[in-house]
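K.L.:
What follows is a structure written as structure tokens; I'll ask about it next.
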Protein chains: 2
Amino acid sequence: MLQQRKITLDEKEIPTHWYNIVADMKNKPLPPLHPATHQPIGPEALAPLFPMALIEQEVSTEKWIEIPDEVRNFYSIWRPTPMFRALGLEKALGTQSKIYYKYEGVSPAGSHKPNTAIPQAYYNYKEGVKKICTETGAGQWGSALSFACKLFGIDCEVFMVKVSYEGKPYRKVMMNTWGARVHASPSDLTNAGRSILAKDPKSPGSLGIAISEAVEVAATHDDTKYSLGSVLNHVLMHQTVIGLEAKKQMEKAGDYPDIVIAPFGGGSNFAGITFPFLQDKLVDGKKVRAIAVEPTSCPKLTRGEFRYDFGDTVGMTPLIPMYTLGHNFIPSPIHAGGLRYHGAGAIISQLLKDGIVEADAINQIECFEAGMLFSRTEGVIPAPEANHAIAEVVRQTKQADKEGVSKTILFNLCGHGNFDLSAYEQFLSGKLIDFEVSQEDINKSLAELDTPAIA
Amino acid sequence: MLQQRKITLDEKEIPTHWYNIVADMKNKPLPPLHPATHQPIGPEALAPLFPMALIEQEVSTEKWIEIPDEVRNFYSIWRPTPMFRALGLEKALGTQSKIYYKYEGVSPAGSHKPNTAIPQAYYNYKEGVKKICTETGAGQWGSALSFACKLFGIDCEVFMVKVSYEGKPYRKVMMNTWGARVHASPSDLTNAGRSILAKDPKSPGSLGIAISEAVEVAATHDDTKYSLGSVLNHVLMHQTVIGLEAKKQMEKAGDYPDIVIAPFGGGSNFAGITFPFLQDKLVDGKKVRAIAVEPTSCPKLTRGEFRYDFGDTVGMTPLIPMYTLGHNFIPSPIHAGGLRYHGAGAIISQLLKDGIVEADAINQIECFEAGMLFSRTEGVIPAPEANHAIAEVVRQTKQADKEGVSKTILFNLCGHGNFDLSAYEQFLSGKLIDFEVSQEDINKSLAELDTPAIA
């Protein structure tokens, strides 16, 4: 007789609707502002960048938005994803608590990112868009969008942060295999890129710079739209398929989480797994905790300021109400490239301000220790981003054991680390280091902002 | 309404028994011979290398062998694996035929290899073995065994073919992450390695040499056993979980294959998907075809000789009845490292001789063309080995369309290509080349053999 480890769903159980948490929020997220006038912008201001269907989703307050059949059809390439009871990790920790994880690394691109790449490509395709431009850090998002665009016959152009372009060549080949063109950013193809290169010809690039480049290309070409892999409301909503499936799977397991944990970069991963559980909290008063885990070296949630800021470095995007370190903040070169972003999305920032969600910050050595333990007890070698969630799980089980209680913990294993093994090599050879960020640096970065404060 | 793409099974449907095709073969495989005396060897001759439970499986004629709960428990980390209808590929080919594939790349090691690594580690663990030694080519097998050994707390030592050790450094890190020690082969740690290095200090290594090194370490250390990832009867039998699941999944899909296709290296991948279907052919006379696909540059099945030969290069293993190119044959450096082996296992060689299975040989450019088409229509970027199966699927659908018939085709997508993207880069940049092997070279390699012929 086997103890249940894997909880699967049938293809028919792929969710039929995305969950829009805005409908259940007492305090709605504040509106985005025009970068020049600082007045709330309407949907039309976003039209040069996004197809109308996605703009409608961005501002929607409908609770459930139907997933088109064409999207569900492609979701079935890898969805529903499996959920696991982490029996090996529990045993190794000697904990009384129960640990579950949802595994999103089974997608062709190896992470949760295709959950939004597919619908974004689909709505662009429906509105006749011929090309989509985007940015990518370590390459997870660029891979996902390349894959999605190929399925719908759309051209894809990716600005990849130069340091990753050079350090993770296989991610680039993966995007090429799916037909995308990839440029190292900053590039000389855009005004934004050229302006950065003029100041610093050896710039290693950043996510904020790459966003500026991709937005510029989309804004200046009629047949080209822009696509973002996190932060925005519609992106977070698409990711709720993760949590919606996980709820069904917890039900099948006869369980319900006390704590739901995910890494935090721009918020899509965290939103995906937690929002469907937060629905129970917002609507029914369920006592579920949701913990976002960020790197100590990029601590916008735990040490940032809640105010308006740009989504990119050059300052081309609308102003978003966010917990931010300032859009000029350059995070240290940790391996979790997907978490090196200065701000958080509007919805999650509001939820954090209102005490609905919590945040914790963890250094990378603690994260890799947790990731190693996970690899050796559960099999999958996690992406460095995912290691942040695992490290928090370890913290929470220790806390519970200390208090003599058993908690049920669910986390999102958002991707595998097959493209991040150089980071594990560093860890194994004792060369991995931690980065601290001083309060002075944060204050300085925030002091540079001339964007509106929030009362 | 969605067209069904993914056919899943529940954890409870992981097979409870392995299928041993020997029980149903009219002509049983010939016995292995002692390398010196050329007399059939008994089980005791294998005792220095393998635990007794595996030796019993190696010589068993029982039809069904129960899978221990401990093994099924770890199988559930990734099994049952999904089966897919290749809707995107069918559409791109414009074929009347139906294409299904079983996807084994969802395992932590990224291929089908853990299906036998887990039980091999388990039986060694049960008999108190402290260390297992093995070889690996491109790294699929070494990764799988490292993972399995870590789960059972056994030390693992891997001799990795030098050219891959240098060219695929992330595979090495993956093995290290799971706690294994990895050496480039030929090494100066064994007599076998030193003898090769004495002749050629710059030897790039080969699978045959690496096997010699691993066997030597196991044979000369009391607490150490050896483990092989293919070729042997018990290894092939462990892989039948693939085909047993696929049969259930085809039934769920309301279908049955006319043709089952898999790549062929030593035979474990091919045996895994085809043997449970061949049972229907051997027992009930079902007209299912099983096609093994080898690289044109290593054509033992289509151009080799059926005779006794060594499993390794130095000549330390028992003599096995096999289709072989000669154990000194050095295959060209194609990217499908897992298919660069001079011989085939005893069971499959007998089945080929008896006309129960078929073989085809395909060059690597045709294989990568098929793999690219698959990536762009189905998502997953396949391992170079798996591309051989896909290329054969393309050939078979074209043939069927020419004949105006619809075939139902099933193939084994044995692994993903996340560690093989340099090969895709070569293909995309037009630098990939084909290798031919002359009849003269094959004849010369076979003429060197002084091993027994088979009447």
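For the structure tokens, the naming scheme is as follows: chains receive sequential letters (A, B, ...) according to their order of presentation, residues are indexed from 1 within each chain, and ligands are indexed from 1 in presentation order.
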Produce a table with one row for each residue of chain B that has an atom at most 6 Å from any atom of chain A, each row naming the nearest atom pair and its distance in Å at one decimal; use only C-alpha atoms; arrange rows by chain and rising residue number; format as CSV.
P.N.:
residue,atom,partner,partner_atom,distance
B:Pro108,CA,A:Val380,CA,4.7
B:Tyr170,CA,A:Leu421,CA,5.8
B:Val173,CA,A:Glu425,CA,5.9
B:Trp178,CA,A:Arg376,CA,5.7
B:Arg376,CA,A:Trp178,CA,5.7
B:Gly379,CA,A:Pro108,CA,5.4
B:Val380,CA,A:Pro108,CA,4.7
B:Leu421,CA,A:Tyr170,CA,5.8
B:Glu425,CA,A:Val173,CA,5.9
K.L.:
From range 147-188 of chain A, collect each residue whose DSSP state is strand (DSSP E or B) and return the set as a compact mmCIF listing (two decimals) with N, CA and C atoms, in the first residue's frame.
P.N.:
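Generated file (result_11.txt):
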# COMPACT_ATOMS: atom_id res chain seq x y z
N ASP A 155 5.35 36.56 -35.21
CA ASP A 155 6.79 36.80 -35.03
C ASP A 155 7.06 37.25 -33.61
N CYS A 156 8.21 36.87 -33.07
CA CYS A 156 8.55 37.24 -31.70
C CYS A 156 9.96 37.80 -31.66
N GLU A 157 10.10 38.93 -30.97
CA GLU A 157 11.42 39.57 -30.84
C GLU A 157 11.68 39.80 -29.35
N VAL A 158 12.83 39.35 -28.89
CA VAL A 158 13.11 39.37 -27.45
C VAL A 158 14.37 40.18 -27.15
N PHE A 159 14.25 41.15 -26.24
CA PHE A 159 15.43 41.84 -25.73
C PHE A 159 15.84 41.16 -24.43
N MET A 160 17.00 40.52 -24.47
CA MET A 160 17.46 39.71 -23.33
C MET A 160 18.58 40.45 -22.60
N VAL A 161 18.43 40.60 -21.30
CA VAL A 161 19.43 41.29 -20.48
C VAL A 161 20.83 40.75 -20.82
N ARG A 181 13.59 35.96 -32.59
CA ARG A 181 14.85 36.66 -32.72
C ARG A 181 15.21 37.22 -31.35
N VAL A 182 16.47 37.12 -30.97
CA VAL A 182 16.88 37.52 -29.63
C VAL A 182 18.03 38.52 -29.73
N HIS A 183 17.91 39.66 -29.03
CA HIS A 183 18.98 40.66 -29.00
C HIS A 183 19.49 40.82 -27.58
N ALA A 184 20.79 41.05 -27.47
CA ALA A 184 21.35 41.41 -26.16
C ALA A 184 20.97 42.85 -25.87
N SER A 185 20.48 43.10 -24.65
CA SER A 185 20.05 44.45 -24.26
C SER A 185 20.93 44.99 -23.14
K.L.:
Please provide the set of residues having any atom within 7 Å of Lys300 in chain B, restricted to only C-alpha atoms, with same-chain residues fewer than 3 positions apart removed, written as a list in words.
P.N.:
Arg303, Gly304, Tyr323, Thr324, Leu325, His342 and Gly343 of chain B
K.L.:
Could you work out how far CA of Leu432 in chain A lies from CA of Ser230 in chain A, giving the answer in Å with one decimal?
P.N.:
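Atom-to-atom, CA of Ser230 in chain A and CA of Leu432 in chain A are spaced 27.5 Å apart.
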K.L.:
Measuring atom to atom with only C-alpha atoms, identify which of B:Asn387, B:Thr81, B:Thr136, B:Gln57 is nearest to Pro43 in chain B.
P.N.:
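The shortest atom-to-atom distance to Pro43 in chain B comes from B:Gln57.
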K.L.:
Please determine, counting only C-alpha atoms, which residue among A:Glu369, A:Glu127, A:Glu245, A:Glu436 has the shortest atom-to-atom distance to Pro333 in chain A.
P.N.:
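Selected residue with least distance to Pro333 in chain A: A:Glu436.
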